[in-house]
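Just below is one structure, and these are the notes that go with it.
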Amino acid sequence: GPTNGHGGLNGSMNGNVDDNKAPESPAISQDPNGAAAAVTPDPQKSEDLQDEESKPIIDQDTSESRFDGLAGAVEASVNSSIGRRLGSITAPFPVTAAELGVMSDERNRTYLADLLEKGIKKETNGGAKDVEAPESKQQMHARVMSLVEKIKKDETERRIPMQSTDHGIDEDDHDPVVQEADKNVDMAVNVLVSVLLRSSPEYGIDPREVEHRQEVFGSNALTEKKTESFLKLCWDAVQDFVLIMLIVLGIISIVVEVVTHIEDGKTCSTCWIEGAAILMSVCIVVLVTASIDYAKQFAFIRLTKSLHETNTKAVIRDGKQLAITDDDIVVGDILSVNSHSLATIPADCILLGPAADLKMDESALTGESRLVSKKAGDVILSGTNAAQGTGKMVVFAVGANSMSGKIRARVYETDEAADDELGEGEDSPLFVKLEELAKNIGIAGTVAAVAALIGSCIIGLAIEGDDPADIVDYLVTAITVLAVAVPEGLPLAVTLALAFSSNKMMREQNLVKHLDACETMGCATTICTDKTGTLTANKMTARALYIGMGMDYVVDDPSSTLGGYVASQGVSQSVIDLLCRAISINTMNETVLHYSEDTETVEGGSGNPTEVALLHLVHDLGQKYAEIRNTTKGRSDQGAFAEHLAEGKQFGFSSARKMMSWAVPTEGGGYRLYCKGAQETIFSRCTKITGSNGEAVELGDDEKENTPSVALAYARRGMRNLALAYRDLPEGFQMESVSDTIKNSDGSPAFLAETEMTMISLVGIEDPLRPEVPGAIEKCYQAGIDVRLVTGDNPNTAVSIAYQAGILRDFHFREGTTERVAANLRENVLMEGKDFRSEVYNVKEDGEREFNQMVFDKIWPHLRVLARSSPDDKLTLAHGLNQSNLFADKDVCKKLLDEDGIVVFPDRQVVAMTGDGTNDAPALKRADIGFAMGVAGTQIAKDAADIILLDDNFASIVTAAKWGRNVYASIQKFLQFQLTVNIAAVITALVGAFVYQTSPLAAIQLLWVNLLMDSLASLALASEPPVEELLQKPPVNRTQSMISKHMWANMLGQATYQIIVVMVLLFAGPDLLDIEPGHEVEDRDENSVHYTLIFNTFVWMQLFNEINCRKLKGEFNVFTGLFRNPLFCGILVTTAFLQVLIVQFGSIAFRVADDGLDGKYWAMSLIFGAGSLIVQQVINVVYRMAQYYNGTRHSPRTAKDRKAATRPL
């Protein structure tokens, strides 16, 4: 029977071979370190498999093994047993997903041994009988069990950890016993790969197995956060206070009308329409709100899927390296990772040998910034990043079984608890104000309704002696007054305004997940931003070059390239050739430039960002790095040069050596070694320097002083220094020989080949600032928004970027200093993370930390840059700023203003925070507005955020602030419009109730005015595009009323005009126009021309006032920009058209005259409506005169206040 062979530990996986003929082993070229550098496919053509379920017969590879002793014996047995068998791609595995998933939590050698033991026992007891090679399989099982016992014994006796230390190489790494134990674990992992997971360290899995492995071990596509159902969103929407009042109002209206008609013996054919219309209006609001939220959920899912498609990893399948999306990775896949791509590990893996000085950045999971060294057998957790070195690893847990999947599940399960813990649950400033406003209006409306009911009862029953049964009519009138008072259109108006703005923001690279985040961003007072990719382009670029002998070239103009500038300065061609060869030869194959198809234009690059910058320099100097690589013996793996690849020698980069070297043979015999690395390390090993014509000259005292000074100058400008050097080595030189005197940074001996070198140049590399960032930050300061840089970079780099961006200004530095570096900043303007934490936290006796808000309040007004920070520092910063009540201490605020020119916003801070890592999620949730990076951000960070920056650009945050302020202004415009209607309508209804015990405006008519027409008005006013003037005023206080003094003037002035017109038509209209009074007609249950005229005139006054409401500050020209907003014009015309239809044909539903209105009445309605435009001009003039009079009267106090006025930083 088949035993699921898969090529053994080093076996081939050539997919199609003759069933009766074993293929030749593929030729594997070895690099000088012994690692396979390239795999040459078997040239022999094989026949197609007849059975898709079968696998090829695999022969054992004959390449030299790196194992000996017990590990070597196990390797031989596995190759002998597995390497000669056919296997089914759907056969069961001897290990389960749950068992593998435990290894993510345990991460120790004992569990690895237990897992192997369980798997081998399953193979032994439950596997099919192997008739072809029973002895070899039994021997393999026995040797693997011996290996298991040996690992357990090592663990018990010496307690050897599965994980390497954070500091690099363990002290006992050179102990033979420890080395043997490490090899045993290395071999155990290979057994796990080949036997339990049926993969191959060299050739990976069979691509045909992918679906089966996904069924058995699960998919790596993490289960999406469960979306809210449409009904749940409807339920959330109906919790609004105003909507609840409307529901109660509608039900009462229906009950009262139906009961009244039944008691009077009348048929109730249309009596229920008004109450039903109110309930229908609630349904419209709820459905629109829920639909918008529902659509937003799926928009975010679509974005997530599109982002996932761009996340690919290098995976070995069938002996070929493929680019596979993270979601398609399965258990058993072999990943090839390196620090050059800085890729996030997509699943839980175990590192395969041989070790390649791999160090992982686990800060996204642990928050600890120190790199963690890994060696063969160590677990590599999903969500971590390769920060140094290279490695090959096998995937053992994916999706929900991986560490990221488990964290994700816990995040979503405890989402509500986390919200409580982090102080979440607060509504946005806008909704707090609107909720308070709605309640106040509701109270006022209730008082008005009760007054109408009491007044009608007193006048009707006590004075005029009406029938007591008429009290039901009085109740209907009181309900009408309440309907008028409640702003029915407000909830829908807010939803439409936010939805419109969020859709517009989407086009400007802001994906808004929560609608209220639009407006909250408009109130932001502080933005805490990352550096890399947000302020900078995340594209390393060479900007400075020092060749020695005084040749220092620095490019400040972003539009100029360093290479082009150097080439134009007359630098010797021999120096350029030497520089280009040093870069081209001594860079990784994975680092490449991408050219356009038909030109020599560079479109981008991939691989290590620093090396990409160096290759750009070669290109700009007019040379082709690929041509240099491919025509150099010992470096090229192309064509005829490939056979000489083994003659070269690579010394890979390591943190201990802080350099990388590549030695290639020279024509006259011997080698030339090219080296690049940290400036201080390489320069200390140089005895010569390149002269102006490319010759090597002795390193004199002047250069020994000049070079470090230049490097320091580059570093202070925020550049990363990289030194290039070379050394000519004689033929027969022992590459592995080490120095007795020169040590690496960890104390290990240095390679002799990397000493006594000749320095070529010093290169300054930086991540350039995005060109639009300085202007965006200037806009923030003009808008009263502070910007703080929170970065993990060193202080000098952080200060350089902050100063270039405009976060730091000249007055932030001490007087008398000219160099803009960290050392010259004023106190607390810059802090490092460790100092920040030690200041703002008190350590209790039991070791727990306690946040000290008082100390924090002394720091944050000055703080502009937080360097070497951790994600926890972001959370502390967001929490401290949000909770600070420093603004209430007027003495401290005045002192800060007088002594330091610092303006403290006169209210609680509204904090915006950017983040991209998994560990940034708590800070993003704690901030008032969390911005996640759409390109570089992790999924959990995006889930925690309110807004996602699709382009990772700081300028998009400023765009969000502008749109947020526009939302606030749009809602103010609508409130000005809505409340004008409500004031006029309530007074009209009250007058009708007191005089005629009925309102001249029916409830259904007022509902049309308040809900449908006002909702259209809200969309029209929300469609007003933002203007730059919005960013030239400070943020709105949390406690500041939404209704300004000028808005009150506009509302009261327009309402007064409307009330006067309605009262004239109500009381004098019948005599002036010779029509029957409306209350007499209504008593006969007929619809009157009188009340229809009042209704029509009232509506047209609102329509013309809608144009006035586009302006909030008394601008005289209310038509400015009107015709540049087609949506506003379209809605205005549509509303007018609907009003015509209602008046002329809506007699039954809207209680208007059966035949509509005559032309003269239409002309009267339009004239009175247009009068609103004239009245607005009168209001503007009167308000300005009042302001002038008030300013003259209080001029002494105004002058005093001006001294204390805030000024921009």
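Going by the structure tokens order, chains are called A, B, ..., each with residues numbered from 1, while ligands are numbered from 1 in the order shown.
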
Neighbour list for stretch 810-822 of chain A as a ChimeraX atom specification, cut-off 8 Å, only C-alpha atoms, skip fewer than 5 positions in-chain: /A:716-717,795-796,799-800,803,829-830

Backbone-only DSSP, helix (DSSP H, G or I) members of stretch 223-254 of chain A, as a list in words: Phe230, Leu231, Lys232, Leu233, Cys234, Trp235, Asp236, Ala237, Phe241, Val242, Leu243, Ile244, Met245, Leu246, Ile247, Val248, Leu249, Gly250, Ile251, Ile252, Ser253 and Ile254 of chain A

DSSP strand (DSSP E or B) residues within stretch 661-870 of chain A, listed as a PyMOL selection string: chain A and resi 661-665+671-678+686-690+696-698+720-729+738-743+749-751+757-766+769+786-790+813+825+830-832+841-843+849-851+865-867

Option closest in space to A:Leu722, from A:Thr610, A:Ser1041, A:Thr755, A:Gln638 [counting only C-alpha atoms]: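 Closest to A:Leu722 of all the choices is A:Thr610.
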
Counting only C-alpha atoms, the residue of A:Met140, A:Val193, A:Ala276, A:Leu233 that sits nearest A:Met393: A:Val193

Pairwise distance for atom CA of A:Val1181 and atom CA of A:Gly1114, rounded to one decimal in Å: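 About the pair atom CA of A:Val1181 and atom CA of A:Gly1114: they are 8.5 Å apart.
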
Option closest in space to A:Glu75, from A:Leu1157, A:Ala452, A:Ala188, A:Leu562 [counting only C-alpha atoms]: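 Smallest separation from A:Glu75 among the options: A:Ala188.
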
Counting only C-alpha atoms, the residue of A:Asp530, A:Glu695, A:Asp873, A:Glu1024 that sits nearest A:Tyr841: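 Using only C-alpha atoms, A:Tyr841 sits closest to A:Asp873.
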
Residues near A:Leu322, cut-off 12 Å, only C-alpha atoms, skip fewer than 2 positions along chain, as an NGL selection string: :A and (203-205 or 207 or 312-320 or 324-325 or 328-329 or 333-336)
